[in-house]
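Notes to accompany the following structure.
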Amino acid sequence: MHEIKWLSAYQIGNDKIDEQHEIFLSLVNKLAIDVRNGEGEEQIHTTFSQIVEFAAFHFSDEERLMQEHHFPEYETHKRLHEKIIQTLGEYFVLYQEGQLAIEDLVRFIVNWFARHTVCEDSKIGNFIAERSVARAI
Ligand SMILES: [Fe+2]
Ligand SMILES: [Fe+2]
């Protein structure tokens with residue numbers, strides 16, 4: 001599998017969150033490398049678990065940031081986080097059962113990350129930036 005490239009669109013303007021997005025993508029790249037190297041299910045499981053654990057850690061930081069800034073779409077956004085954690089678990093079972101190719105699972109994670117970060121996380125960054133501008137006037 002090809003390496004997944006980092007894009008500046010994955011930055012939302014908060015250093016901690018931006019750094020976590022980079023770490024998340026590097027973990028997904030680790031999984032893509034495992035797949036390319038033909039690693040067995042045990043190694044794939046280890047890397048996949050790291051991705052899910054890091055995602056949960058990142059989501060709680062992001063949710064804390066939303067609450068700190070009284071982000072109006074907090075509940076909706078939090079539900080999207082809960083949904084993807086659940087879906088990842090379900091898809092991993094499908095992979096283990098031989099019903100989903102690992103390459104497709106990696107592609108799904110990358111597509112989810114790109115869409116969620118660019119379309120949803122960016123709203124948090126924009127909201128915080130607008131609020132800080134409003135306060136400075
Ligand atoms: Fe995020
Ligand atoms: Fe998010």
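Residue numbering restarts at 1 for every chain of the structure tokens, chains are lettered A, B, ... in their displayed order, and ligands are numbered from 1 as they appear.
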Per-residue nearest contacts chain A to ligand 1, cut-off 12 Å, using only C-alpha atoms and all ligand atoms, as a Markdown table:
| residue | atom | partner | partner_atom_place_in_ligand_line | distance |
| --- | --- | --- | --- | --- |
| A:Ala9 | CA | ligand 1 | 1 (Fe) | 11.8 |
| A:Tyr10 | CA | ligand 1 | 1 (Fe) | 8.5 |
| A:Gln11 | CA | ligand 1 | 1 (Fe) | 9.1 |
| A:Ile12 | CA | ligand 1 | 1 (Fe) | 8.7 |
| A:Gly13 | CA | ligand 1 | 1 (Fe) | 11.6 |
| A:Asn14 | CA | ligand 1 | 1 (Fe) | 10.6 |
| A:Asp15 | CA | ligand 1 | 1 (Fe) | 11.9 |
| A:Lys16 | CA | ligand 1 | 1 (Fe) | 10.3 |
| A:Ile17 | CA | ligand 1 | 1 (Fe) | 6.6 |
| A:Asp18 | CA | ligand 1 | 1 (Fe) | 8.0 |
| A:Glu19 | CA | ligand 1 | 1 (Fe) | 10.0 |
| A:Gln20 | CA | ligand 1 | 1 (Fe) | 7.6 |
| A:His21 | CA | ligand 1 | 1 (Fe) | 6.1 |
| A:Glu22 | CA | ligand 1 | 1 (Fe) | 9.9 |
| A:Ile23 | CA | ligand 1 | 1 (Fe) | 10.8 |
| A:Phe24 | CA | ligand 1 | 1 (Fe) | 8.9 |
| A:Leu25 | CA | ligand 1 | 1 (Fe) | 10.7 |
| A:Phe54 | CA | ligand 1 | 1 (Fe) | 10.8 |
| A:Ala55 | CA | ligand 1 | 1 (Fe) | 8.1 |
| A:Ala56 | CA | ligand 1 | 1 (Fe) | 10.1 |
| A:Phe57 | CA | ligand 1 | 1 (Fe) | 10.2 |
| A:His58 | CA | ligand 1 | 1 (Fe) | 6.6 |
| A:Phe59 | CA | ligand 1 | 1 (Fe) | 6.4 |
| A:Ser60 | CA | ligand 1 | 1 (Fe) | 9.7 |
| A:Asp61 | CA | ligand 1 | 1 (Fe) | 8.9 |
| A:Glu62 | CA | ligand 1 | 1 (Fe) | 6.5 |
| A:Glu63 | CA | ligand 1 | 1 (Fe) | 9.3 |
| A:Arg64 | CA | ligand 1 | 1 (Fe) | 11.9 |
| A:Leu65 | CA | ligand 1 | 1 (Fe) | 10.9 |
| A:Met66 | CA | ligand 1 | 1 (Fe) | 11.2 |
| A:His77 | CA | ligand 1 | 1 (Fe) | 10.0 |
| A:Lys78 | CA | ligand 1 | 1 (Fe) | 10.7 |
| A:Leu80 | CA | ligand 1 | 1 (Fe) | 10.6 |
| A:His81 | CA | ligand 1 | 1 (Fe) | 8.8 |
| A:Ile84 | CA | ligand 1 | 1 (Fe) | 11.7 |
| A:Trp112 | CA | ligand 1 | 1 (Fe) | 10.6 |
| A:Phe113 | CA | ligand 1 | 1 (Fe) | 7.8 |
| A:Ala114 | CA | ligand 1 | 1 (Fe) | 9.6 |
| A:Arg115 | CA | ligand 1 | 1 (Fe) | 10.3 |
| A:His116 | CA | ligand 1 | 1 (Fe) | 7.2 |
| A:Thr117 | CA | ligand 1 | 1 (Fe) | 5.5 |
| A:Val118 | CA | ligand 1 | 1 (Fe) | 9.1 |
| A:Cys119 | CA | ligand 1 | 1 (Fe) | 10.4 |
| A:Glu120 | CA | ligand 1 | 1 (Fe) | 8.2 |
| A:Asp121 | CA | ligand 1 | 1 (Fe) | 5.5 |
| A:Ser122 | CA | ligand 1 | 1 (Fe) | 8.7 |
| A:Lys123 | CA | ligand 1 | 1 (Fe) | 10.7 |
| A:Ile124 | CA | ligand 1 | 1 (Fe) | 9.6 |
| A:Gly125 | CA | ligand 1 | 1 (Fe) | 10.4 |
Restricting it to N, CA and C atoms, dump the selection as a short mmCIF file (atom, residue, chain, number, x, y, z; two decimals), in the first residue's frame.
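Everything below was put into part-v1.cif:
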data_model
loop_
_atom_site.label_atom_id
_atom_site.label_comp_id
_atom_site.auth_asym_id
_atom_site.auth_seq_id
_atom_site.Cartn_x
_atom_site.Cartn_y
_atom_site.Cartn_z
N ALA A 9 -4.41 20.71 5.03
CA ALA A 9 -5.86 20.79 5.32
C ALA A 9 -6.22 20.00 6.58
N TYR A 10 -5.28 19.15 7.04
CA TYR A 10 -5.55 18.37 8.26
C TYR A 10 -5.21 19.16 9.53
N GLN A 11 -4.81 20.42 9.35
CA GLN A 11 -4.53 21.29 10.49
C GLN A 11 -5.76 22.15 10.75
N ILE A 12 -6.08 22.31 12.04
CA ILE A 12 -7.25 23.16 12.35
C ILE A 12 -6.83 24.44 13.08
N GLY A 13 -5.52 24.59 13.31
CA GLY A 13 -5.03 25.82 13.93
C GLY A 13 -4.84 25.71 15.44
N ASN A 14 -4.93 24.50 15.97
CA ASN A 14 -4.65 24.27 17.40
C ASN A 14 -3.46 23.29 17.44
N ASP A 15 -2.35 23.74 18.06
CA ASP A 15 -1.11 22.95 17.98
C ASP A 15 -1.27 21.51 18.46
N LYS A 16 -1.95 21.36 19.61
CA LYS A 16 -2.08 20.01 20.18
C LYS A 16 -2.89 19.10 19.25
N ILE A 17 -4.01 19.62 18.76
CA ILE A 17 -4.88 18.83 17.88
C ILE A 17 -4.16 18.53 16.55
N ASP A 18 -3.47 19.52 16.03
CA ASP A 18 -2.77 19.33 14.75
C ASP A 18 -1.68 18.26 14.88
N GLU A 19 -0.98 18.30 16.02
CA GLU A 19 0.06 17.30 16.25
C GLU A 19 -0.56 15.91 16.36
N GLN A 20 -1.71 15.83 17.03
CA GLN A 20 -2.38 14.53 17.17
C GLN A 20 -2.87 14.01 15.82
N HIS A 21 -3.33 14.92 14.95
CA HIS A 21 -3.75 14.48 13.61
C HIS A 21 -2.56 13.89 12.86
N GLU A 22 -1.38 14.48 13.04
CA GLU A 22 -0.17 13.94 12.37
C GLU A 22 0.17 12.57 12.93
N ILE A 23 0.07 12.43 14.25
CA ILE A 23 0.39 11.13 14.88
C ILE A 23 -0.61 10.08 14.39
N PHE A 24 -1.89 10.47 14.33
CA PHE A 24 -2.92 9.52 13.88
C PHE A 24 -2.58 9.02 12.47
N LEU A 25 -2.24 9.96 11.59
CA LEU A 25 -1.94 9.57 10.21
C LEU A 25 -0.67 8.70 10.15
N PHE A 54 -5.37 5.47 20.11
CA PHE A 54 -4.96 6.87 19.92
C PHE A 54 -6.15 7.72 19.49
N ALA A 55 -7.03 7.15 18.66
CA ALA A 55 -8.22 7.89 18.23
C ALA A 55 -9.07 8.27 19.45
N ALA A 56 -9.27 7.32 20.36
CA ALA A 56 -10.08 7.58 21.55
C ALA A 56 -9.45 8.69 22.40
N PHE A 57 -8.13 8.63 22.54
CA PHE A 57 -7.39 9.65 23.30
C PHE A 57 -7.54 11.03 22.63
N HIS A 58 -7.38 11.04 21.32
CA HIS A 58 -7.49 12.29 20.56
C HIS A 58 -8.92 12.85 20.63
N PHE A 59 -9.90 11.97 20.51
CA PHE A 59 -11.29 12.43 20.55
C PHE A 59 -11.60 13.09 21.90
N SER A 60 -11.09 12.52 22.98
CA SER A 60 -11.41 13.12 24.28
C SER A 60 -10.74 14.48 24.42
N ASP A 61 -9.54 14.64 23.87
CA ASP A 61 -8.90 15.97 23.89
C ASP A 61 -9.70 16.96 23.04
N GLU A 62 -10.15 16.49 21.89
CA GLU A 62 -10.92 17.37 20.99
C GLU A 62 -12.25 17.77 21.65
N GLU A 63 -12.87 16.81 22.32
CA GLU A 63 -14.15 17.09 22.99
C GLU A 63 -13.96 18.09 24.13
N ARG A 64 -12.84 17.96 24.85
CA ARG A 64 -12.53 18.90 25.93
C ARG A 64 -12.35 20.31 25.35
N LEU A 65 -11.67 20.39 24.22
CA LEU A 65 -11.45 21.69 23.56
C LEU A 65 -12.79 22.31 23.15
N MET A 66 -13.67 21.47 22.60
CA MET A 66 -15.00 21.98 22.18
C MET A 66 -15.77 22.52 23.38
N HIS A 77 -20.83 16.39 17.13
CA HIS A 77 -19.44 16.00 16.84
C HIS A 77 -19.01 14.81 17.71
N LYS A 78 -19.39 14.87 18.98
CA LYS A 78 -19.05 13.78 19.90
C LYS A 78 -19.67 12.46 19.41
N LEU A 80 -20.26 11.63 16.34
CA LEU A 80 -19.46 11.15 15.19
C LEU A 80 -18.23 10.38 15.68
N HIS A 81 -17.63 10.88 16.77
CA HIS A 81 -16.48 10.18 17.35
C HIS A 81 -16.89 8.81 17.87
N ILE A 84 -17.54 6.31 14.96
CA ILE A 84 -16.39 5.75 14.23
C ILE A 84 -15.66 4.70 15.09
N TRP A 112 -12.17 8.25 6.05
CA TRP A 112 -12.91 8.80 7.20
C TRP A 112 -12.12 9.96 7.80
N PHE A 113 -10.82 9.71 8.05
CA PHE A 113 -9.98 10.73 8.68
C PHE A 113 -9.98 12.02 7.86
N ALA A 114 -9.78 11.89 6.54
CA ALA A 114 -9.71 13.07 5.67
C ALA A 114 -11.04 13.84 5.71
N ARG A 115 -12.14 13.12 5.57
CA ARG A 115 -13.45 13.77 5.54
C ARG A 115 -13.78 14.42 6.88
N HIS A 116 -13.57 13.66 7.96
CA HIS A 116 -13.92 14.17 9.29
C HIS A 116 -13.06 15.39 9.65
N THR A 117 -11.76 15.29 9.37
CA THR A 117 -10.84 16.37 9.76
C THR A 117 -11.10 17.63 8.95
N VAL A 118 -11.25 17.46 7.64
CA VAL A 118 -11.43 18.64 6.78
C VAL A 118 -12.84 19.23 6.94
N CYS A 119 -13.86 18.38 7.06
CA CYS A 119 -15.24 18.89 7.10
C CYS A 119 -15.74 19.19 8.51
N GLU A 120 -15.31 18.43 9.50
CA GLU A 120 -15.86 18.59 10.86
C GLU A 120 -14.89 19.27 11.83
N ASP A 121 -13.68 18.72 11.94
CA ASP A 121 -12.72 19.31 12.90
C ASP A 121 -12.41 20.76 12.54
N SER A 122 -12.36 21.05 11.25
CA SER A 122 -12.05 22.42 10.82
C SER A 122 -13.08 23.42 11.38
N LYS A 123 -14.33 22.96 11.58
CA LYS A 123 -15.36 23.86 12.14
C LYS A 123 -14.98 24.32 13.54
N ILE A 124 -14.34 23.41 14.30
CA ILE A 124 -13.93 23.77 15.67
C ILE A 124 -12.85 24.86 15.59
N GLY A 125 -11.86 24.63 14.71
CA GLY A 125 -10.78 25.60 14.55
C GLY A 125 -11.30 26.96 14.11
#
Would you kindly return, as a ChimeraX atom specification, each protein, DNA or RNA residue with an atom no farther than 8 Å from any atom of stretch 29-41 of chain A, considering only C-alpha atoms and excluding same-chain residues fewer than 2 positions away? /A:1-4,25-27,43-45,47-48,96,102-103,106
Run DSSP on the backbone of this structure and report the residues of stretch 19-131 of chain A it assigns to alpha helix (DSSP H), as number ranges by chain. A: 19-36, 41-68, 74-96, 102-115, 122-131
Written selection (C-alpha atoms) as a PDB file, in the first residue's frame:
ATOM      1  CA  GLU A  19       0.063  17.304  16.249  1.00  0.00           C
ATOM      2  CA  GLN A  20      -2.383  14.532  17.170  1.00  0.00           C
ATOM      3  CA  HIS A  21      -3.745  14.482  13.608  1.00  0.00           C
ATOM      4  CA  GLU A  22      -0.173  13.942  12.375  1.00  0.00           C
ATOM      5  CA  ILE A  23       0.387  11.135  14.882  1.00  0.00           C
ATOM      6  CA  PHE A  24      -2.917   9.523  13.877  1.00  0.00           C
ATOM      7  CA  LEU A  25      -1.937   9.568  10.214  1.00  0.00           C
ATOM      8  CA  SER A  26       1.507   8.149  10.986  1.00  0.00           C
ATOM      9  CA  LEU A  27      -0.166   5.252  12.838  1.00  0.00           C
ATOM     10  CA  VAL A  28      -2.395   4.600   9.804  1.00  0.00           C
ATOM     11  CA  ASN A  29       0.771   4.660   7.688  1.00  0.00           C
ATOM     12  CA  LYS A  30       2.272   2.082  10.031  1.00  0.00           C
ATOM     13  CA  LEU A  31      -0.722  -0.142   9.305  1.00  0.00           C
ATOM     14  CA  ALA A  32      -0.328   0.428   5.543  1.00  0.00           C
ATOM     15  CA  ILE A  33       3.351  -0.599   5.880  1.00  0.00           C
ATOM     16  CA  ASP A  34       2.367  -3.719   7.866  1.00  0.00           C
ATOM     17  CA  VAL A  35      -0.002  -4.634   5.023  1.00  0.00           C
ATOM     18  CA  ARG A  36       2.675  -3.971   2.388  1.00  0.00           C
ATOM     19  CA  GLU A  41      -2.988 -10.944  11.783  1.00  0.00           C
ATOM     20  CA  GLU A  42      -1.234 -10.540  15.145  1.00  0.00           C
ATOM     21  CA  GLN A  43       0.879  -7.583  14.000  1.00  0.00           C
ATOM     22  CA  ILE A  44      -2.077  -6.072  12.122  1.00  0.00           C
ATOM     23  CA  HIS A  45      -4.154  -6.387  15.290  1.00  0.00           C
ATOM     24  CA  THR A  46      -1.455  -4.649  17.377  1.00  0.00           C
ATOM     25  CA  THR A  47      -1.192  -1.693  15.000  1.00  0.00           C
ATOM     26  CA  PHE A  48      -4.957  -1.466  14.549  1.00  0.00           C
ATOM     27  CA  SER A  49      -5.412  -1.395  18.346  1.00  0.00           C
ATOM     28  CA  GLN A  50      -2.878   1.453  18.568  1.00  0.00           C
ATOM     29  CA  ILE A  51      -4.925   3.405  16.019  1.00  0.00           C
ATOM     30  CA  VAL A  52      -8.177   2.909  17.940  1.00  0.00           C
ATOM     31  CA  GLU A  53      -6.544   3.724  21.295  1.00  0.00           C
ATOM     32  CA  PHE A  54      -4.958   6.866  19.919  1.00  0.00           C
ATOM     33  CA  ALA A  55      -8.219   7.894  18.226  1.00  0.00           C
ATOM     34  CA  ALA A  56     -10.084   7.579  21.553  1.00  0.00           C
ATOM     35  CA  PHE A  57      -7.390   9.647  23.303  1.00  0.00           C
ATOM     36  CA  HIS A  58      -7.491  12.289  20.556  1.00  0.00           C
ATOM     37  CA  PHE A  59     -11.295  12.435  20.552  1.00  0.00           C
ATOM     38  CA  SER A  60     -11.410  13.115  24.284  1.00  0.00           C
ATOM     39  CA  ASP A  61      -8.900  15.966  23.887  1.00  0.00           C
ATOM     40  CA  GLU A  62     -10.922  17.367  20.992  1.00  0.00           C
ATOM     41  CA  GLU A  63     -14.152  17.093  22.986  1.00  0.00           C
ATOM     42  CA  ARG A  64     -12.528  18.899  25.925  1.00  0.00           C
ATOM     43  CA  LEU A  65     -11.446  21.692  23.564  1.00  0.00           C
ATOM     44  CA  MET A  66     -14.996  21.978  22.179  1.00  0.00           C
ATOM     45  CA  GLN A  67     -16.415  22.241  25.688  1.00  0.00           C
ATOM     46  CA  GLU A  68     -13.832  24.819  26.780  1.00  0.00           C
ATOM     47  CA  TYR A  74     -20.396  19.600  20.511  1.00  0.00           C
ATOM     48  CA  GLU A  75     -23.016  16.842  20.895  1.00  0.00           C
ATOM     49  CA  THR A  76     -23.218  16.097  17.157  1.00  0.00           C
ATOM     50  CA  HIS A  77     -19.444  16.003  16.841  1.00  0.00           C
ATOM     51  CA  LYS A  78     -19.053  13.781  19.899  1.00  0.00           C
ATOM     52  CA  ARG A  79     -21.561  11.335  18.383  1.00  0.00           C
ATOM     53  CA  LEU A  80     -19.465  11.148  15.188  1.00  0.00           C
ATOM     54  CA  HIS A  81     -16.477  10.182  17.350  1.00  0.00           C
ATOM     55  CA  GLU A  82     -18.475   7.496  19.152  1.00  0.00           C
ATOM     56  CA  LYS A  83     -19.817   6.160  15.857  1.00  0.00           C
ATOM     57  CA  ILE A  84     -16.387   5.746  14.235  1.00  0.00           C
ATOM     58  CA  ILE A  85     -14.950   3.932  17.272  1.00  0.00           C
ATOM     59  CA  GLN A  86     -17.900   1.525  17.070  1.00  0.00           C
ATOM     60  CA  THR A  87     -17.590   1.120  13.282  1.00  0.00           C
ATOM     61  CA  LEU A  88     -13.841   0.438  13.503  1.00  0.00           C
ATOM     62  CA  GLY A  89     -14.521  -2.360  15.973  1.00  0.00           C
ATOM     63  CA  GLU A  90     -17.204  -3.857  13.721  1.00  0.00           C
ATOM     64  CA  TYR A  91     -15.015  -3.614  10.610  1.00  0.00           C
ATOM     65  CA  PHE A  92     -12.091  -5.263  12.377  1.00  0.00           C
ATOM     66  CA  VAL A  93     -14.316  -8.237  13.170  1.00  0.00           C
ATOM     67  CA  LEU A  94     -15.295  -8.402   9.468  1.00  0.00           C
ATOM     68  CA  TYR A  95     -11.585  -8.406   8.562  1.00  0.00           C
ATOM     69  CA  GLN A  96     -10.907 -11.199  11.065  1.00  0.00           C
ATOM     70  CA  ILE A 102      -7.310  -5.184   5.178  1.00  0.00           C
ATOM     71  CA  GLU A 103      -6.494  -2.821   2.268  1.00  0.00           C
ATOM     72  CA  ASP A 104     -10.152  -1.751   2.189  1.00  0.00           C
ATOM     73  CA  LEU A 105     -10.127  -1.219   5.942  1.00  0.00           C
ATOM     74  CA  VAL A 106      -7.030   1.005   5.661  1.00  0.00           C
ATOM     75  CA  ARG A 107      -8.665   2.942   2.799  1.00  0.00           C
ATOM     76  CA  PHE A 108     -11.823   3.369   4.884  1.00  0.00           C
ATOM     77  CA  ILE A 109      -9.822   4.789   7.828  1.00  0.00           C
ATOM     78  CA  VAL A 110      -7.934   7.217   5.580  1.00  0.00           C
ATOM     79  CA  ASN A 111     -11.132   8.409   3.880  1.00  0.00           C
ATOM     80  CA  TRP A 112     -12.912   8.805   7.196  1.00  0.00           C
ATOM     81  CA  PHE A 113      -9.983  10.731   8.683  1.00  0.00           C
ATOM     82  CA  ALA A 114      -9.715  13.067   5.669  1.00  0.00           C
ATOM     83  CA  ARG A 115     -13.448  13.774   5.538  1.00  0.00           C
ATOM     84  CA  SER A 122     -12.053  22.424  10.825  1.00  0.00           C
ATOM     85  CA  LYS A 123     -15.363  23.861  12.137  1.00  0.00           C
ATOM     86  CA  ILE A 124     -13.926  23.768  15.666  1.00  0.00           C
ATOM     87  CA  GLY A 125     -10.779  25.598  14.547  1.00  0.00           C
ATOM     88  CA  ASN A 126     -12.786  28.216  12.660  1.00  0.00           C
ATOM     89  CA  PHE A 127     -15.138  28.728  15.594  1.00  0.00           C
ATOM     90  CA  ILE A 128     -12.256  29.263  18.045  1.00  0.00           C
ATOM     91  CA  ALA A 129     -10.509  31.645  15.625  1.00  0.00           C
ATOM     92  CA  GLU A 130     -13.698  33.681  15.090  1.00  0.00           C
ATOM     93  CA  ARG A 131     -14.318  33.904  18.824  1.00  0.00           C
TER      94      ARG A 131
END
